[in-house]
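Below is my_file.cif, holding mmCIF, C-alpha atoms (C1' of nucleotides).
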```cif
data_input
loop_
_atom_site.label_atom_id
_atom_site.label_comp_id
_atom_site.auth_asym_id
_atom_site.auth_seq_id
_atom_site.Cartn_x
_atom_site.Cartn_y
_atom_site.Cartn_z
CA MET A 137 -10.44 32.12 -10.32
CA THR A 138 -8.27 32.49 -13.41
CA PRO A 139 -6.73 29.16 -14.29
CA ASP A 140 -3.39 30.93 -14.63
CA ASP A 141 -3.30 31.45 -10.87
CA PHE A 142 -3.42 27.75 -10.29
CA HIS A 143 -0.22 26.41 -8.71
CA LEU A 144 0.36 22.71 -8.41
CA SER A 145 2.63 23.20 -5.43
CA SER A 146 -0.13 24.80 -3.40
CA PHE A 147 -2.81 22.37 -4.47
CA LEU A 148 -3.92 20.28 -1.52
CA PRO A 149 -4.20 16.90 -3.25
CA TYR A 150 -0.76 17.32 -4.75
CA ARG A 151 0.81 18.37 -1.48
CA LEU A 152 -0.75 15.43 0.30
CA ALA A 153 0.51 13.05 -2.34
CA VAL A 154 4.02 14.42 -2.23
CA LEU A 155 4.36 14.25 1.54
CA SER A 156 2.69 10.88 1.77
CA GLU A 157 4.89 9.39 -0.89
CA ARG A 158 8.01 10.82 0.67
CA VAL A 159 7.17 9.52 4.11
CA SER A 160 6.13 6.16 2.75
CA ARG A 161 9.36 5.81 0.82
CA ARG A 162 11.47 6.73 3.79
CA LEU A 163 9.68 4.11 5.82
CA SER A 164 10.00 1.38 3.22
CA VAL A 165 13.73 1.98 3.11
CA GLU A 166 13.63 0.81 6.69
CA TYR A 167 11.67 -2.39 6.44
CA GLY A 168 12.74 -3.03 2.90
CA ARG A 169 16.42 -3.08 3.69
CA THR A 170 16.14 -5.00 6.92
CA HIS A 171 13.53 -7.58 5.98
CA GLY A 172 12.76 -7.23 2.30
CA LEU A 173 9.18 -6.17 2.89
CA ALA A 174 7.03 -4.01 0.65
CA VAL A 175 4.23 -1.77 1.83
CA ALA A 176 1.51 -4.35 1.35
CA GLU A 177 3.42 -6.96 3.31
CA TRP A 178 4.13 -4.54 6.11
CA ARG A 179 0.47 -3.63 6.43
CA VAL A 180 -0.63 -7.24 6.41
CA MET A 181 1.82 -8.22 9.11
CA VAL A 182 0.93 -5.34 11.38
CA HIS A 183 -2.72 -6.18 11.02
CA LEU A 184 -2.09 -9.80 11.89
CA LEU A 185 -0.20 -8.80 15.00
CA ARG A 186 -3.32 -7.20 16.37
CA CYS A 187 -6.00 -9.44 14.98
CA GLY A 188 -4.54 -12.93 15.07
CA ALA A 189 -5.87 -15.40 12.53
CA VAL A 190 -7.96 -13.63 9.93
CA SER A 191 -9.11 -14.05 6.35
CA VAL A 192 -7.95 -12.27 3.22
CA ARG A 193 -11.23 -10.44 3.07
CA ASP A 194 -10.77 -9.18 6.61
CA ILE A 195 -7.34 -7.83 5.85
CA HIS A 196 -8.67 -6.22 2.70
CA ASN A 197 -11.41 -4.54 4.71
CA CYS A 198 -8.99 -3.18 7.27
CA VAL A 199 -5.76 -2.00 5.72
CA ASN A 200 -6.74 -0.34 2.45
CA LEU A 201 -5.37 -2.90 0.05
CA GLU A 202 -7.15 -4.43 -2.92
CA LYS A 203 -8.03 -8.07 -2.53
CA PRO A 204 -5.56 -9.43 -5.10
CA ARG A 205 -2.84 -7.40 -3.52
CA VAL A 206 -3.53 -8.89 -0.12
CA SER A 207 -3.63 -12.36 -1.60
CA ARG A 208 -0.27 -11.94 -3.27
CA ALA A 209 1.31 -10.26 -0.26
CA VAL A 210 0.22 -13.17 1.89
CA SER A 211 1.71 -15.63 -0.59
CA ARG A 212 5.05 -13.88 -0.51
CA LEU A 213 5.03 -13.69 3.27
CA GLU A 214 4.18 -17.36 3.47
CA ALA A 215 7.03 -18.21 1.12
CA GLU A 216 9.38 -16.36 3.46
CA GLY A 217 7.98 -18.11 6.49
CA LEU A 218 6.68 -14.97 8.18
CA VAL A 219 3.05 -16.00 7.94
CA GLN A 220 1.11 -19.23 7.84
CA LYS A 221 -2.14 -20.14 6.15
CA THR A 222 -4.46 -22.75 7.60
CA GLN A 223 -7.80 -23.91 6.30
CA GLY A 224 -10.65 -22.08 7.99
CA GLU A 225 -12.56 -24.01 10.65
CA GLY A 226 -16.21 -23.91 9.76
CA ASP A 227 -16.32 -22.21 6.40
CA GLY A 228 -14.25 -24.09 3.82
CA ARG A 229 -13.73 -20.99 1.71
CA LEU A 230 -12.01 -18.92 4.35
CA VAL A 231 -8.31 -19.04 4.96
CA ALA A 232 -6.97 -18.32 8.42
CA ILE A 233 -3.80 -16.27 8.12
CA SER A 234 -1.58 -15.73 11.12
CA LEU A 235 1.96 -14.72 12.01
CA THR A 236 4.63 -17.31 12.58
CA ASP A 237 7.19 -16.90 15.32
CA ALA A 238 9.62 -15.68 12.70
CA GLY A 239 7.03 -13.15 11.62
CA ARG A 240 6.60 -11.92 15.15
CA ARG A 241 10.34 -11.64 15.55
CA ALA A 242 10.58 -9.63 12.35
CA LEU A 243 7.90 -7.25 13.59
CA ALA A 244 9.60 -6.92 16.96
CA ASP A 245 12.54 -5.72 14.97
CA ILE A 246 10.78 -3.41 12.55
CA ILE A 247 8.13 -1.76 14.70
CA PRO A 248 10.55 0.09 16.96
CA ALA A 249 12.35 1.45 13.92
CA ALA A 250 9.08 2.47 12.32
CA THR A 251 7.92 4.10 15.52
CA GLN A 252 11.15 5.99 15.71
CA ILE A 253 10.75 7.40 12.22
CA GLU A 254 7.22 8.41 13.06
CA GLY A 255 8.58 10.01 16.21
CA HIS A 256 11.05 12.08 14.27
CA LEU A 257 8.23 13.41 12.13
CA THR A 258 5.76 14.11 14.89
CA GLY A 259 8.41 15.30 17.29
CA ALA A 260 9.05 18.32 15.16
CA VAL A 261 5.69 19.86 16.03
CA SER A 262 3.86 20.65 19.24
CA ALA A 263 1.32 18.21 20.60
CA GLU A 264 -1.35 20.80 20.04
CA ASP A 265 -0.47 21.36 16.40
CA LEU A 266 -0.30 17.65 15.86
CA ALA A 267 -3.76 17.22 17.31
CA THR A 268 -5.02 19.91 14.97
CA PHE A 269 -3.28 18.18 12.10
CA PHE A 270 -5.08 14.92 12.72
CA ARG A 271 -8.35 16.71 13.31
CA VAL A 272 -8.08 18.39 9.94
CA MET A 273 -7.37 15.05 8.31
CA GLU A 274 -10.46 13.61 9.91
CA ARG A 275 -12.55 16.55 8.68
CA MET A 276 -11.38 15.93 5.16
CA HIS A 277 -12.29 12.29 5.47
CA ALA A 278 -15.69 13.35 6.69
CA VAL A 279 -16.17 15.48 3.59
CA LEU A 280 -15.32 12.51 1.42
CA ASP A 281 -17.66 10.31 3.42
CA ASP A 282 -20.49 12.54 2.24
CA ASP A 283 -19.30 12.55 -1.35
CA PRO A 284 -20.92 9.79 -3.41
CA GLU A 285 -18.06 9.95 -5.93
CA ALA A 286 -15.46 9.14 -3.28
CA LYS A 287 -14.48 5.65 -2.31
CA PRO A 288 -15.76 4.75 1.16
CA ARG A 289 -13.39 4.40 4.06
CA THR A 290 -12.53 0.98 5.40
CA VAL A 291 -14.38 0.00 8.53
CA MET A 292 -11.22 0.16 10.55
CA ASP A 293 -10.26 3.67 9.52
CA LEU A 294 -13.82 4.81 10.04
CA ASP A 295 -14.12 3.32 13.50
CA ARG A 296 -10.84 4.77 14.59
CA ASP A 297 -11.62 8.26 13.47
CA ALA A 298 -15.28 8.14 14.34
CA LYS A 299 -14.39 7.91 17.99
CA MET A 300 -13.42 11.55 17.86
CA MET A 301 -16.60 12.62 16.15
CA PRO A 302 -19.91 13.67 17.67
CA SER A 303 -21.96 10.50 17.86
CA PRO A 304 -24.12 10.26 14.74
CA VAL A 305 -27.48 10.08 16.52
CA MET B 1154 6.74 0.56 23.52
CA THR B 1155 5.39 -2.99 23.26
CA PRO B 1156 4.88 -3.93 19.64
CA ASP B 1157 1.40 -5.15 20.61
CA ASP B 1158 0.32 -1.57 21.19
CA PHE B 1159 1.11 -0.69 17.62
CA HIS B 1160 -1.98 0.25 15.61
CA LEU B 1161 -1.81 0.71 11.89
CA SER B 1162 -4.76 3.07 11.97
CA SER B 1163 -2.98 5.53 14.21
CA PHE B 1164 0.35 5.28 12.41
CA LEU B 1165 1.15 8.56 10.72
CA PRO B 1166 2.57 7.20 7.44
CA TYR B 1167 -0.45 4.94 7.02
CA ARG B 1168 -2.92 7.71 7.75
CA LEU B 1169 -1.22 10.01 5.31
CA ALA B 1170 -1.27 7.35 2.63
CA VAL B 1171 -4.95 6.59 3.15
CA LEU B 1172 -6.09 10.18 3.02
CA SER B 1173 -3.83 11.05 0.14
CA GLU B 1174 -4.96 8.11 -1.90
CA ARG B 1175 -8.60 8.82 -1.20
CA VAL B 1176 -8.30 12.47 -2.17
CA SER B 1177 -6.27 11.64 -5.23
CA ARG B 1178 -8.79 9.08 -6.38
CA ARG B 1179 -11.67 11.45 -5.90
CA LEU B 1180 -9.89 14.02 -7.97
CA SER B 1181 -9.01 11.66 -10.77
CA VAL B 1182 -12.64 10.69 -11.07
CA GLU B 1183 -13.11 14.29 -12.08
CA TYR B 1184 -10.47 14.75 -14.75
CA GLY B 1185 -10.53 11.12 -15.74
CA ARG B 1186 -14.20 11.09 -16.59
CA THR B 1187 -14.26 14.46 -18.30
CA HIS B 1188 -10.99 14.33 -20.25
CA GLY B 1189 -9.50 10.89 -19.84
CA LEU B 1190 -6.49 12.15 -17.93
CA ALA B 1191 -4.41 10.26 -15.39
CA VAL B 1192 -2.53 11.83 -12.52
CA ALA B 1193 0.73 12.15 -14.41
CA GLU B 1194 -0.95 13.84 -17.34
CA TRP B 1195 -2.78 16.22 -15.07
CA ARG B 1196 0.41 17.26 -13.34
CA VAL B 1197 2.25 17.75 -16.59
CA MET B 1198 -0.46 19.94 -18.03
CA VAL B 1199 -0.75 22.09 -14.96
CA HIS B 1200 2.97 22.59 -14.92
CA LEU B 1201 2.98 23.58 -18.58
CA LEU B 1202 0.28 26.14 -17.95
CA ARG B 1203 2.59 28.01 -15.65
CA CYS B 1204 5.95 27.39 -17.22
CA GLY B 1205 5.32 27.45 -20.94
CA ALA B 1206 7.69 25.44 -23.11
CA VAL B 1207 9.86 23.21 -20.97
CA SER B 1208 11.84 20.00 -21.21
CA VAL B 1209 11.03 16.55 -19.86
CA ARG B 1210 13.76 16.95 -17.31
CA ASP B 1211 12.28 20.20 -16.10
CA ILE B 1212 8.88 18.65 -15.60
CA HIS B 1213 10.49 15.74 -13.82
CA ASN B 1214 12.27 18.14 -11.49
CA CYS B 1215 9.12 20.02 -10.65
CA VAL B 1216 6.12 17.77 -10.32
CA ASN B 1217 7.39 14.64 -8.56
CA LEU B 1218 7.19 12.21 -11.44
CA GLU B 1219 9.89 9.84 -12.60
CA LYS B 1220 11.43 10.70 -15.92
CA PRO B 1221 9.99 7.79 -17.91
CA ARG B 1222 6.59 8.57 -16.53
CA VAL B 1223 6.82 12.15 -17.72
CA SER B 1224 8.01 11.02 -21.11
CA ARG B 1225 5.07 8.66 -21.52
CA ALA B 1226 2.56 11.14 -20.16
CA VAL B 1227 3.75 13.67 -22.70
CA SER B 1228 3.44 11.12 -25.50
CA ARG B 1229 -0.13 10.37 -24.57
CA LEU B 1230 -0.99 14.03 -24.28
CA GLU B 1231 0.59 14.71 -27.64
CA ALA B 1232 -1.41 11.89 -29.20
CA GLU B 1233 -4.55 13.52 -27.88
CA GLY B 1234 -3.53 16.91 -29.17
CA LEU B 1235 -3.37 18.57 -25.78
CA VAL B 1236 0.36 19.17 -25.93
CA GLN B 1237 2.94 19.71 -28.62
CA LYS B 1238 6.62 18.83 -28.80
CA THR B 1239 9.10 20.90 -30.72
CA GLN B 1240 12.81 20.39 -31.07
CA GLY B 1241 14.70 22.52 -28.58
CA GLU B 1242 16.32 25.65 -29.98
CA GLY B 1243 19.97 25.57 -29.03
CA ASP B 1244 20.44 22.15 -27.46
CA GLY B 1245 19.41 19.37 -29.83
CA ARG B 1246 18.74 16.95 -27.00
CA LEU B 1247 16.09 18.99 -25.30
CA VAL B 1248 12.47 18.84 -26.26
CA ALA B 1249 10.30 21.87 -25.79
CA ILE B 1250 6.88 20.80 -24.56
CA SER B 1251 4.00 23.20 -24.47
CA LEU B 1252 0.23 23.25 -24.29
CA THR B 1253 -1.86 23.47 -27.42
CA ASP B 1254 -4.99 25.55 -27.51
CA ALA B 1255 -7.00 22.39 -27.00
CA GLY B 1256 -4.86 21.67 -23.95
CA ARG B 1257 -5.53 25.13 -22.56
CA ARG B 1258 -9.22 24.67 -23.16
CA ALA B 1259 -9.16 21.35 -21.34
CA LEU B 1260 -7.45 22.93 -18.37
CA ALA B 1261 -9.88 25.80 -18.34
CA ASP B 1262 -12.50 23.13 -17.94
CA ILE B 1263 -10.79 20.97 -15.34
CA ILE B 1264 -9.13 23.48 -13.06
CA PRO B 1265 -12.35 25.02 -11.75
CA ALA B 1266 -13.68 21.55 -10.95
CA ALA B 1267 -10.43 20.61 -9.23
CA THR B 1268 -10.43 23.84 -7.28
CA GLN B 1269 -13.96 23.16 -6.21
CA ILE B 1270 -13.09 19.74 -4.84
CA GLU B 1271 -10.16 21.25 -3.00
CA GLY B 1272 -12.52 23.89 -1.68
CA HIS B 1273 -14.88 21.27 -0.30
CA LEU B 1274 -12.02 19.71 1.59
CA THR B 1275 -10.46 22.89 2.94
CA GLY B 1276 -13.81 24.54 3.53
CA ALA B 1277 -14.58 22.09 6.28
CA VAL B 1278 -11.95 23.54 8.58
CA SER B 1279 -11.13 27.00 9.86
CA ALA B 1280 -8.50 29.06 8.12
CA GLU B 1281 -6.42 28.91 11.25
CA ASP B 1282 -6.52 25.12 11.48
CA LEU B 1283 -5.74 24.86 7.83
CA ALA B 1284 -2.70 27.07 8.25
CA THR B 1285 -1.56 24.85 11.10
CA PHE B 1286 -2.16 21.83 8.92
CA PHE B 1287 0.13 23.09 6.19
CA ARG B 1288 2.68 24.25 8.71
CA VAL B 1289 2.85 20.75 10.18
CA MET B 1290 3.28 19.30 6.70
CA GLU B 1291 6.16 21.66 6.06
CA ARG B 1292 7.78 20.69 9.39
CA MET B 1293 7.63 17.04 8.41
CA HIS B 1294 9.20 17.84 5.08
CA ALA B 1295 11.93 19.69 6.93
CA VAL B 1296 12.62 16.61 9.03
CA LEU B 1297 12.97 14.55 5.88
CA ASP B 1298 15.22 17.19 4.34
CA ASP B 1299 17.69 16.48 7.13
CA ASP B 1300 17.39 12.73 6.75
CA PRO B 1301 20.01 11.31 4.39
CA GLU B 1302 17.85 8.21 3.82
CA ALA B 1303 14.96 10.28 2.53
CA LYS B 1304 14.55 11.28 -1.08
CA PRO B 1305 15.17 15.00 -1.57
CA ARG B 1306 12.33 17.31 -2.37
CA THR B 1307 11.94 18.70 -5.84
CA VAL B 1308 13.19 22.22 -6.28
CA MET B 1309 9.71 23.47 -6.81
CA ASP B 1310 8.26 22.00 -3.64
CA LEU B 1311 11.25 23.19 -1.70
CA ASP B 1312 11.05 26.74 -2.96
CA ARG B 1313 7.39 26.98 -2.31
CA ASP B 1314 7.56 25.75 1.24
CA ALA B 1315 10.84 27.44 2.05
CA LYS B 1316 9.16 30.79 1.72
CA MET B 1317 7.37 30.13 4.97
CA MET B 1318 10.51 29.11 6.78
CA PRO B 1319 12.95 31.25 8.71
CA SER B 1320 15.58 32.20 6.16
CA PRO B 1321 18.42 29.65 6.39
CA VAL B 1322 21.16 32.10 7.42
"C1'" DC C 1469 -33.67 -31.06 -1.72
"C1'" DC C 1470 -31.66 -28.52 -5.00
"C1'" DA C 1471 -30.93 -24.74 -8.08
"C1'" DA C 1472 -30.00 -19.79 -8.02
"C1'" DA C 1473 -27.45 -16.30 -5.81
"C1'" DC C 1474 -23.81 -15.09 -3.04
"C1'" DT C 1475 -19.06 -15.03 -0.93
"C1'" DC C 1476 -14.37 -16.56 -0.68
"C1'" DG C 1477 -9.51 -16.60 -2.41
"C1'" DT C 1478 -6.95 -16.90 -6.54
"C1'" DT C 1479 -5.59 -16.18 -11.17
"C1'" DG C 1480 -5.64 -14.07 -16.19
"C1'" DC C 1481 -4.76 -10.30 -18.53
"C1'" DA C 1482 -3.86 -5.84 -20.01
"C1'" DT C 1483 -1.84 -1.82 -18.23
"C1'" DT C 1484 1.40 0.76 -15.43
"C1'" DT C 1485 5.52 1.10 -13.10
"C1'" DG C 1486 10.49 2.44 -12.46
"C1'" DA C 1487 15.37 1.11 -12.64
"C1'" DA C 1488 18.69 0.44 -15.87
"C1'" DA C 1489 20.17 0.46 -20.61
"C1'" DT C 1490 20.27 2.88 -25.06
"C1'" DG C 1491 21.13 6.17 -28.65
"C1'" DA C 1492 21.78 10.83 -29.60
"C1'" DT C 1493 23.71 15.17 -28.58
"C1'" DA C 1494 26.80 18.43 -25.63
"C1'" DT C 1495 30.44 19.54 -22.87
"C1'" DT C 1496 34.89 18.96 -20.96
"C1'" DG C 1497 39.77 18.53 -20.82
"C1'" DA C 1498 44.04 17.10 -22.49
"C1'" DT D 991 41.09 18.65 -32.18
"C1'" DC D 992 39.03 14.83 -30.51
"C1'" DA D 993 38.48 11.31 -27.06
"C1'" DA D 994 36.22 10.87 -22.51
"C1'" DT D 995 32.48 12.16 -19.85
"C1'" DA D 996 27.95 14.02 -18.99
"C1'" DT D 997 23.19 14.98 -20.05
"C1'" DC D 998 18.79 14.33 -22.42
"C1'" DA D 999 14.75 11.67 -23.88
"C1'" DT D 1000 13.29 7.29 -24.93
"C1'" DT D 1001 12.96 2.46 -24.71
"C1'" DT D 1002 13.61 -2.11 -22.69
"C1'" DC D 1003 12.41 -5.35 -19.42
"C1'" DA D 1004 10.88 -7.40 -15.38
"C1'" DA D 1005 7.88 -6.63 -11.69
"C1'" DA D 1006 3.71 -4.70 -9.71
"C1'" DT D 1007 -1.03 -3.36 -10.17
"C1'" DG D 1008 -6.07 -3.75 -10.38
"C1'" DC D 1009 -10.17 -5.05 -12.70
"C1'" DA D 1010 -12.70 -8.80 -14.08
"C1'" DA D 1011 -13.35 -13.60 -14.41
"C1'" DC D 1012 -12.95 -17.95 -12.35
"C1'" DG D 1013 -13.58 -22.29 -9.52
"C1'" DA D 1014 -14.83 -23.76 -5.08
"C1'" DG D 1015 -17.69 -23.50 -1.27
"C1'" DT D 1016 -21.97 -21.67 1.22
"C1'" DT D 1017 -26.42 -19.69 1.90
"C1'" DT D 1018 -31.07 -18.88 0.48
"C1'" DG D 1019 -35.68 -19.71 -1.14
"C1'" DG D 1020 -39.00 -22.32 -3.28
#
```

File written out as structure tokens:
Amino acid sequence: MTPDDFHLSSFLPYRLAVLSERVSRRLSVEYGRTHGLAVAEWRVMVHLLRCGAVSVRDIHNCVNLEKPRVSRAVSRLEAEGLVQKTQGEGDGRLVAISLTDAGRRALADIIPAATQIEGHLTGAVSAEDLATFFRVMERMHAVLDDDPEAKPRTVMDLDRDAKMMPSPV
Amino acid sequence: MTPDDFHLSSFLPYRLAVLSERVSRRLSVEYGRTHGLAVAEWRVMVHLLRCGAVSVRDIHNCVNLEKPRVSRAVSRLEAEGLVQKTQGEGDGRLVAISLTDAGRRALADIIPAATQIEGHLTGAVSAEDLATFFRVMERMHAVLDDDPEAKPRTVMDLDRDAKMMPSPV
DNA sequence: CCAAACTCGTTGCATTTGAAATGATATTGA
DNA sequence: TCAATATCATTTCAAATGCAACGAGTTTGG
């Protein structure tokens, strides 16, 4: 365990960061060039497509973005007419955020391109290896779930992955 | 391929980003709390441990950090006495950056802890699955290598991973 | 009924960030 | 030789980031 044997390029956290950042950048070239979106805005819009009118807090709890970041992303999207904010029904604090038609059109444009990029990446490996890949990712998440020093997963990520886990009693 | 079927939580780039960020954060709790280091500083130091006295450009080319970020990380490390800068020998532009004894001591302290965290993550899966995991990562990198829109890999990452690839003619 | 405690979205503020510009040095080519 | 070009590290500057604080609204408990 000599420190001298330690290589950054074979260190798991580093390798994850490098691949993730590279993939993320490649993707943002796509929706950045075509619609001027940044990562936060992309995540917000995709979430809205599935969940309709939701609050800032809800988005924050689902797509791994800090609250101020969601708030500002929504503001930008509203300024570009891709999203609309309406005062919440019962609770006066909540804001109901939803896609506009223009927003839906933008997504209809971007999602196929995003899916295609994902397809290029996943298409290079067998279905079996890909399944193993995601299983390993889930195992690592599970390790972090048990680590009090790690930040908890969002409900959404947990629910999604938990479906593949043995039911926790 | 209806856009409505699109789930963020099963989208590869998103999943990579979430896991990577979670792992990275967990790790930085470690070296942040014990030695006040940020990610950039950590990467710089680890690189110096292996490569001795090198230039800013060299670090930039190896550890996936923008040049200004390396420059600032080095300044901070120098201010804390973990690193020293000396004027390059032949070329007056270059700066030779190297670890101080205090820097080596700090690494001797941090690396075992970092390795342990990595071990927790990798220990949760079989060696075979882990090998598949890394192989899939390399395949995805290879896809991006062929994509003109993607940012090229650093020499170091490329060399490391290329070793596992069929020799390119 | 109302004050304390909580939750919501936003904003202030200090820090970080990266692209482009800068100043200094090296290299090239005429 | 010496201008033009290239490379190196740093700095500038505008934008992004995230923690903490805030004001507004809601719930709770006495």

Item to complete: Give the residues of chain B that lie within 8 Å of chain A; count only C-alpha atoms, and format the answer as a PyMOL selection string.
Response: chain B and resi 1154+1156-1157+1159-1167+1169-1180+1182+1196+1199-1200+1202-1203+1216-1217+1260-1261+1264-1265+1271+1273-1275+1277-1278+1282-1283+1285-1286+1289-1290+1292-1294+1296-1297+1302-1304+1309-1310+1313

Worksheet entry | Matched chain/residue IDs from the PyMOL selection byres ((chain C) within 12 of (chain B)), as an MDAnalysis selection string | chainID C and resid 1484:1488 1491:1495

Practice prompt. Report as a ChimeraX atom specification the full result of the PyMOL selection byres ((chain D) within 9 of (chain A)) when it is applied to this structure.
Written response: /D:1007-1008,1014-1016

Fill in: Non-local contacts of Arg208 in chain A (10 Å; all atoms listed in the file; under 6 positions in same chain excluded) as a ChimeraX atom specification
/A:176-177,214 /C:1478

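One finds CA of Val1227 in chain B at 16.3 Å from CA of Tyr1184 in chain B.
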
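CA of Leu213 in chain A to CA of Ala242 in chain A spans 11.4 Å [interatomic distance, one decimal].
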
Within 12 Å of DA1472 in chain C using only C-alpha atoms (C1' of nucleotides), minus same-chain residues under 5 positions, as an mmCIF file with C-alpha atoms (C1' of nucleotides), keeping the file's coordinate frame:
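The resulting file, selection35.cif, is shown below:
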```
data_model
loop_
_atom_site.group_PDB
_atom_site.id
_atom_site.type_symbol
_atom_site.label_atom_id
_atom_site.label_comp_id
_atom_site.auth_asym_id
_atom_site.auth_seq_id
_atom_site.Cartn_x
_atom_site.Cartn_y
_atom_site.Cartn_z
ATOM 1 C "C1'" DT D 1017 -26.420 -19.690 1.900
ATOM 2 C "C1'" DT D 1018 -31.070 -18.880 0.480
ATOM 3 C "C1'" DG D 1019 -35.680 -19.710 -1.140
ATOM 4 C "C1'" DG D 1020 -39.000 -22.320 -3.280
#
```

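Between CA of Val219 in chain A and CA of Asn197 in chain A the separation is 18.7 Å.
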
Fill in: Residue contacts of Val190 in chain A (9 Å, all atoms listed in the file) excluding same-chain residues fewer than 3 positions away, as number ranges by chain
A: 184, 187, 193-195, 230-234

Item to complete: Fewer than 6 positions away in the same chain doesn't count, so skip those; otherwise give me all residues within 12 Å of DA1011 in chain D, counting only C-alpha atoms (C1' of nucleotides), as a list in words.
Response: DT1478, DT1479, DG1480 and DC1481 of chain C

Worksheet item: Expanded to explicit residues, what is the PyMOL selection byres ((chain C and resi 1498) around 12) for this file, as a PyMOL selection string?
Response: (chain C and resi 1496-1497) or (chain D and resi 991-994)
